[in-house]
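K.L.:
For reference, the file query_28.cif (mmCIF, C-alpha atoms and all ligand atoms) is included below:
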data_start
loop_
_atom_site.group_PDB
_atom_site.id
_atom_site.type_symbol
_atom_site.label_atom_id
_atom_site.label_comp_id
_atom_site.auth_asym_id
_atom_site.auth_seq_id
_atom_site.Cartn_x
_atom_site.Cartn_y
_atom_site.Cartn_z
ATOM 1 C CA MET A 1 87.683 97.869 99.723
ATOM 2 C CA LYS A 2 87.688 97.041 103.430
ATOM 3 C CA VAL A 3 91.012 95.162 103.081
ATOM 4 C CA LEU A 4 92.573 98.111 101.258
ATOM 5 C CA GLN A 5 91.375 100.505 103.951
ATOM 6 C CA ILE A 6 92.973 98.293 106.615
ATOM 7 C CA LEU A 7 96.263 98.227 104.643
ATOM 8 C CA ASN A 8 96.051 102.001 104.266
ATOM 9 C CA GLN A 9 95.516 102.261 108.015
ATOM 10 C CA SER A 10 98.681 100.183 108.527
ATOM 11 C CA LEU A 11 100.582 102.432 106.114
ATOM 12 C CA ILE A 12 99.515 105.497 108.110
ATOM 13 C CA GLN A 13 100.589 103.783 111.365
ATOM 14 C CA SER A 14 103.944 102.982 109.760
ATOM 15 C CA ASP A 15 104.371 106.536 108.402
ATOM 16 C CA LYS A 16 103.418 107.902 111.834
ATOM 17 C CA LYS A 17 106.832 106.758 113.061
ATOM 18 C CA SER A 18 108.183 109.481 110.764
ATOM 19 C CA ASP A 19 105.327 111.996 111.077
ATOM 20 C CA LYS A 20 103.260 112.216 114.257
ATOM 21 C CA LEU A 21 100.869 114.729 112.673
ATOM 22 C CA LEU A 22 99.276 112.217 110.286
ATOM 23 C CA ASN A 23 95.531 111.717 110.662
ATOM 24 C CA GLU A 24 94.815 108.084 111.550
ATOM 25 C CA LYS A 25 91.124 108.476 110.758
ATOM 26 C CA TRP A 26 91.813 109.497 107.131
ATOM 27 C CA SER A 27 91.410 105.915 105.818
ATOM 28 C CA TYR A 28 87.770 105.650 106.821
ATOM 29 C CA ASN A 29 86.178 108.572 105.010
ATOM 30 C CA GLU A 30 88.397 110.533 102.635
ATOM 31 C CA GLY A 31 90.712 107.550 102.196
ATOM 32 C CA ARG A 32 87.795 105.398 101.090
ATOM 33 C CA ARG A 33 86.693 107.998 98.531
ATOM 34 C CA PHE A 34 90.299 108.391 97.349
ATOM 35 C CA LEU A 35 90.661 104.619 96.780
ATOM 36 C CA LYS A 36 87.311 104.407 94.957
ATOM 37 C CA LYS A 37 88.420 107.180 92.592
ATOM 38 C CA ARG A 38 91.779 105.542 91.993
ATOM 39 C CA ILE A 39 90.120 102.192 91.197
ATOM 40 C CA ALA A 40 87.567 103.756 88.830
ATOM 41 C CA SER A 41 89.848 106.072 86.835
ATOM 42 C CA LYS A 42 91.856 105.096 83.751
ATOM 43 C CA ASN A 43 94.573 107.494 84.898
ATOM 44 C CA SER A 44 95.299 105.558 88.036
ATOM 45 C CA ILE A 45 95.943 102.037 89.195
ATOM 46 C CA CYS A 46 95.406 100.039 92.350
ATOM 47 C CA LEU A 47 97.496 96.867 92.586
ATOM 48 C CA VAL A 48 97.167 94.185 95.236
ATOM 49 C CA ALA A 49 99.540 91.336 96.065
ATOM 50 C CA GLU A 50 97.846 88.119 97.090
ATOM 51 C CA PHE A 51 99.307 85.154 98.942
ATOM 52 C CA GLY A 52 96.810 82.305 99.035
ATOM 53 C CA ASN A 53 93.558 84.025 99.906
ATOM 54 C CA GLU A 54 95.244 86.854 101.749
ATOM 55 C CA ILE A 55 95.960 90.326 100.388
ATOM 56 C CA VAL A 56 99.468 90.975 101.732
ATOM 57 C CA GLY A 57 100.291 94.282 100.077
ATOM 58 C CA TYR A 58 99.048 97.054 97.828
ATOM 59 C CA LEU A 59 100.194 99.932 95.671
ATOM 60 C CA VAL A 60 98.127 102.895 94.519
ATOM 61 C CA GLY A 61 99.372 105.354 91.918
ATOM 62 C CA SER A 62 98.215 107.751 89.260
ATOM 63 C CA VAL A 63 99.217 109.937 86.335
ATOM 64 C CA LYS A 64 100.022 113.426 87.549
ATOM 65 C CA LYS A 65 98.703 116.613 86.002
ATOM 66 C CA MET A 66 101.395 118.002 83.707
ATOM 67 C CA GLU A 67 102.806 121.367 84.764
ATOM 68 C CA SER A 68 103.449 123.916 82.030
ATOM 69 C CA TRP A 69 106.669 125.031 83.756
ATOM 70 C CA ARG A 70 107.962 121.443 83.597
ATOM 71 C CA PRO A 71 106.206 119.634 80.762
ATOM 72 C CA VAL A 72 107.033 116.098 81.806
ATOM 73 C CA ARG A 73 104.494 113.287 81.892
ATOM 74 C CA ARG A 74 104.785 111.697 85.306
ATOM 75 C CA THR A 75 103.105 109.054 87.382
ATOM 76 C CA GLU A 76 103.291 108.916 91.165
ATOM 77 C CA ILE A 77 103.334 106.025 93.612
ATOM 78 C CA GLU A 78 100.947 107.451 96.176
ATOM 79 C CA GLU A 79 100.522 104.588 98.612
ATOM 80 C CA MET A 80 102.399 101.350 99.054
ATOM 81 C CA PHE A 81 102.465 98.903 101.924
ATOM 82 C CA VAL A 82 103.463 95.262 102.409
ATOM 83 C CA LYS A 83 102.439 93.424 105.594
ATOM 84 C CA GLU A 84 105.445 92.928 107.875
ATOM 85 C CA ASN A 85 105.382 89.091 107.780
ATOM 86 C CA PHE A 86 105.575 89.177 103.993
ATOM 87 C CA ARG A 87 108.423 91.678 103.598
ATOM 88 C CA SER A 88 111.817 90.951 102.031
ATOM 89 C CA LYS A 89 110.257 88.324 99.798
ATOM 90 C CA GLY A 90 110.091 90.429 96.662
ATOM 91 C CA VAL A 91 106.423 91.480 97.040
ATOM 92 C CA GLY A 92 107.206 95.217 97.053
ATOM 93 C CA SER A 93 109.565 94.888 94.074
ATOM 94 C CA ARG A 94 106.901 93.074 92.061
ATOM 95 C CA LEU A 95 104.322 95.732 92.847
ATOM 96 C CA VAL A 96 106.711 98.500 91.756
ATOM 97 C CA ARG A 97 107.785 96.639 88.622
ATOM 98 C CA HIS A 98 104.144 96.222 87.629
ATOM 99 C CA PHE A 99 103.553 99.914 88.287
ATOM 100 C CA LEU A 100 106.584 100.836 86.128
ATOM 101 C CA LYS A 101 105.196 98.672 83.300
ATOM 102 C CA TRP A 102 101.814 100.400 83.570
ATOM 103 C CA SER A 103 103.592 103.792 83.644
ATOM 104 C CA LYS A 104 105.505 102.914 80.473
ATOM 105 C CA GLU A 105 102.283 101.894 78.758
ATOM 106 C CA SER A 106 100.799 105.230 79.875
ATOM 107 C CA LYS A 107 103.631 106.990 77.987
ATOM 108 C CA THR A 108 105.156 108.276 81.180
ATOM 109 C CA GLN A 109 108.616 109.832 81.229
ATOM 110 C CA ARG A 110 109.177 109.929 84.989
ATOM 111 C CA VAL A 111 107.866 108.214 88.104
ATOM 112 C CA LEU A 112 107.649 110.105 91.381
ATOM 113 C CA VAL A 113 107.441 108.884 94.953
ATOM 114 C CA PHE A 114 107.576 110.682 98.306
ATOM 115 C CA VAL A 115 109.345 108.940 101.176
ATOM 116 C CA TYR A 116 110.022 110.289 104.643
ATOM 117 C CA ASP A 117 113.689 111.054 105.228
ATOM 118 C CA SER A 118 113.642 108.849 108.346
ATOM 119 C CA ASN A 119 112.203 105.860 106.439
ATOM 120 C CA SER A 120 115.628 104.460 105.622
ATOM 121 C CA LYS A 121 114.237 101.049 104.614
ATOM 122 C CA GLY A 122 111.814 102.699 102.197
ATOM 123 C CA ILE A 123 114.569 104.901 100.712
ATOM 124 C CA LYS A 124 116.884 101.887 100.314
ATOM 125 C CA PHE A 125 114.073 99.937 98.687
ATOM 126 C CA TYR A 126 113.236 102.663 96.144
ATOM 127 C CA LYS A 127 116.942 103.233 95.377
ATOM 128 C CA LYS A 128 117.235 99.524 94.643
ATOM 129 C CA MET A 129 114.299 99.847 92.283
ATOM 130 C CA GLY A 130 116.142 102.580 90.370
ATOM 131 C CA PHE A 131 114.796 105.791 91.939
ATOM 132 C CA LYS A 132 117.213 108.628 92.602
ATOM 133 C CA LYS A 133 116.906 111.405 95.173
ATOM 134 C CA ASP A 134 115.716 114.561 93.464
ATOM 135 C CA ARG A 135 114.368 117.567 95.360
ATOM 136 C CA LEU A 136 114.360 117.655 99.139
ATOM 137 C CA ALA A 137 111.203 118.831 100.915
ATOM 138 C CA MET A 138 111.946 120.824 104.074
ATOM 139 C CA GLU A 139 109.523 121.726 106.851
ATOM 140 C CA MET A 140 109.890 123.606 110.120
ATOM 141 C CA GLU A 141 107.822 123.889 113.225
ATOM 142 C CA VAL A 142 106.350 127.326 113.877
ATOM 143 C CA ARG A 143 106.505 128.190 117.563
HETATM 144 C C1 LIG A 201 109.035 99.448 101.485
HETATM 145 C C2 LIG A 201 108.228 98.143 101.368
HETATM 146 C C3 LIG A 201 106.979 98.380 100.552
HETATM 147 C C4 LIG A 201 109.108 97.090 100.681
HETATM 148 O O1 LIG A 201 108.332 95.904 100.523
HETATM 149 P P1 LIG A 201 108.997 94.442 100.466
HETATM 150 O O2 LIG A 201 107.950 93.497 100.047
HETATM 151 O O3 LIG A 201 109.715 94.162 101.737
HETATM 152 O O4 LIG A 201 110.029 94.659 99.297
HETATM 153 P P2 LIG A 201 110.997 93.575 98.618
HETATM 154 O O5 LIG A 201 110.902 92.277 99.340
HETATM 155 O O6 LIG A 201 110.733 93.573 97.187
HETATM 156 O O7 LIG A 201 112.393 94.217 98.830
HETATM 157 C C5 LIG A 201 112.824 94.493 100.149
HETATM 158 C C6 LIG A 201 114.085 93.773 100.450
HETATM 159 O O8 LIG A 201 113.983 92.416 100.170
HETATM 160 C C7 LIG A 201 115.009 92.012 99.226
HETATM 161 N N1 LIG A 201 114.437 90.991 98.373
HETATM 162 C C8 LIG A 201 113.764 91.178 97.214
HETATM 163 N N2 LIG A 201 113.405 90.006 96.713
HETATM 164 C C9 LIG A 201 113.831 89.059 97.585
HETATM 165 C C10 LIG A 201 113.755 87.647 97.636
HETATM 166 N N3 LIG A 201 113.145 86.939 96.677
HETATM 167 N N4 LIG A 201 114.264 87.004 98.703
HETATM 168 C C11 LIG A 201 114.872 87.697 99.681
HETATM 169 N N5 LIG A 201 115.001 89.023 99.673
HETATM 170 C C12 LIG A 201 114.487 89.688 98.642
HETATM 171 C C13 LIG A 201 115.342 93.261 98.522
HETATM 172 O O9 LIG A 201 116.633 93.200 97.958
HETATM 173 C C14 LIG A 201 115.266 94.212 99.658
HETATM 174 O O10 LIG A 201 116.390 94.011 100.449
HETATM 175 P P3 LIG A 201 116.926 95.154 101.394
HETATM 176 O O11 LIG A 201 115.768 95.571 102.310
HETATM 177 O O12 LIG A 201 118.032 94.529 102.142
HETATM 178 O O13 LIG A 201 117.346 96.243 100.460
HETATM 179 C C15 LIG A 201 107.853 97.596 102.777
HETATM 180 O O14 LIG A 201 109.007 97.555 103.571
HETATM 181 C C16 LIG A 201 106.785 98.405 103.490
HETATM 182 O O15 LIG A 201 105.595 98.188 103.311
HETATM 183 N N6 LIG A 201 107.222 99.372 104.339
HETATM 184 C C17 LIG A 201 106.295 100.183 105.130
HETATM 185 C C18 LIG A 201 105.563 101.181 104.275
HETATM 186 C C19 LIG A 201 106.487 102.030 103.438
HETATM 187 O O16 LIG A 201 107.560 102.432 103.878
HETATM 188 N N7 LIG A 201 106.069 102.294 102.210
HETATM 189 C C20 LIG A 201 106.853 103.064 101.271
HETATM 190 C C21 LIG A 201 106.644 104.512 101.399
HETATM 191 S S1 LIG A 201 105.102 104.980 100.654
#
Could you write out this structure as C-alpha cells?

P.N.:
Amino acid sequence: MKVLQILNQSLIQSDKKSDKLLNEKWSYNEGRRFLKKRIASKNSICLVAEFGNEIVGYLVGSVKKMESWRPVRRTEIEEMFVKENFRSKGVGSRLVRHFLKWSKESKTQRVLVFVYDSNSKGIKFYKKMGFKKDRLAMEMEVR
C-alpha cells in the first residue's frame, strides 16, 4: 500500500505540470481509502509492474456505473504511472494490455481514460494503444 501511495504521489506531481490545482496531499488519506476500495472490489483492478524486487509502475481502473442515457458498459483507467527510469521499455503498454484483457473478461464494450491536453506523451501513448479522442472537456478560470 505504501509503495502504491508513493507512486500515486508521483502521478500527482507529474499531473501537476498540467494542473497546478491538484491536491498533493490527496494520496495520504482519501487516496489510501480509494486504493483500498479498488483492491477489495471485484469491479475494479489494481495492477503493479515489478522489476526485480522493485515496483516500477501501477495501473488502477474500475467498471463504471452504466448511464441510462448511454447504456454502454465501460471501464476506466483511473490512475497509471511508470517510474521515469523504467519508461519506454513497454511497461505501460503491458499494464494497459492486461487492463484491456480484464475489461474484455468483464464484458466491457468501451474503455475510458482522461488525459490532460498538455500531456502529449500520455496522449501519444494512449493513441498507440488504440484509444481515440472522444469528447473534449473544457474549463475556464472565473475571475
Ligand atoms: C504514459 C506512461 C504510463 C507510459 O509508460 P511507458 O512504460 O513509458 O510506456 P511504454 O514503454 O509501453 O510505451 C512508451 C513508449 O515506449 C515505446 N516502447 C514500447 N515498448 C518498447 C520497447 N520494448 N522498447 C523500446 N520502446 C518501447 C512505445 O512505442 C512508446 O514510444 P513513444 O513514446 O515514442 O510513443 C508513462 O510515460 C508515465 O507514467 N507518464 C506519467 C504519468 C502519465 O502521464 N500517466 C497517464 C495519464 S493517467

K.L.:
Please enumerate the residues selected by the PyMOL selection byres (((chain A and resi 81-84) around 9) and not hetatm) when evaluated against the supplied file, formatted as a PyMOL selection string.

P.N.:
chain A and resi 7-8+10-11+14+49+55-59+79-80+85-88+91-92

K.L.:
Report the distance between atom C8 of ligand LIG 201 (chain A) and CA of Phe51 (chain A) in Å, rounded to one decimal place.

P.N.:
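Going from atom C8 of ligand LIG 201 (chain A) over to CA of Phe51 (chain A) covers 15.8 Å.
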
K.L.:
With a distance cut-off of 12 Å and only C-alpha atoms, select the neighbouring residues of Trp102 (chain A), excluding the residue or stretch itself and same-chain residues fewer than 4 positions from it, and output the selection as a list in words.

P.N.:
Lys42, Asn43, Ser44, Ile45, Cys46, Leu47, Val60, Gly61, Ser62, Val63, Arg74, Thr75, Glu76, Ile77, Leu95, Val96, Arg97, His98, Ser106, Lys107, Thr108, Gln109 and Val111 of chain A

K.L.:
What lies within 8 Å of Phe114 (chain A) using all atoms listed in the file, ignoring chain neighbours under 2 positions off, as an MDAnalysis selection string?

P.N.:
chainID A and resid 77:78 112 116

K.L.:
Include C-alpha atoms and write out the residues we just selected as a short mmCIF file (atom, residue, chain, number, x, y, z; two decimals), keeping the file's coordinate frame.

P.N.:
data_model
loop_
_atom_site.label_atom_id
_atom_site.label_comp_id
_atom_site.auth_asym_id
_atom_site.auth_seq_id
_atom_site.Cartn_x
_atom_site.Cartn_y
_atom_site.Cartn_z
CA ILE A 77 103.33 106.02 93.61
CA GLU A 78 100.95 107.45 96.18
CA LEU A 112 107.65 110.10 91.38
CA TYR A 116 110.02 110.29 104.64
#

K.L.:
Hey, what's within 10 Å of region 29-32 of chain A if we count only C-alpha atoms and toss same-chain stuff fewer than 5 positions away? As a list in words, please?

P.N.:
Met1, Lys2, Leu4, Gln5, Asn8, Gln9, Lys37 and Arg38 of chain A

K.L.:
Find the smallest box with edges along x, y and z containing every listed atom of ligand LIG 201 (chain A), then add 8 Å on each side and report centre and edge lengths in Å to one decimal, as lines of an AutoDock Vina configuration file.

P.N.:
center_x = 111.6
center_y = 96.0
center_z = 100.9
size_x = 28.9
size_y = 34.0
size_z = 24.5

K.L.:
May I ask which of the residues A:Arg70, A:Lys133, A:Lys25, A:Lys89 is the closest one to ligand LIG 201 (chain A), counting all atoms listed in the file?

P.N.:
A:Lys89

K.L.:
Determine the nearest neighbour of Leu136 (chain A) from the options A:Asp117, A:Lys124, A:Gly52, A:Asn23, counting all atoms listed in the file.

P.N.:
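Looking at the shortest contact to Leu136 (chain A), the residue is A:Asp117.
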
K.L.:
Could you work out how far atom C17 of ligand LIG 201 (chain A) lies from CA of Val142 (chain A), giving the answer in Å with one decimal?

P.N.:
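The value is 28.5 Å.
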
K.L.:
So, with only C-alpha atoms and all ligand atoms as the atoms that count, which of A:Leu100, A:Met138, A:Met129, A:Ile6 lies closest to ligand LIG 201 (chain A)?

P.N.:
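Checking each candidate against ligand LIG 201 (chain A), we get A:Met129 as the closest.
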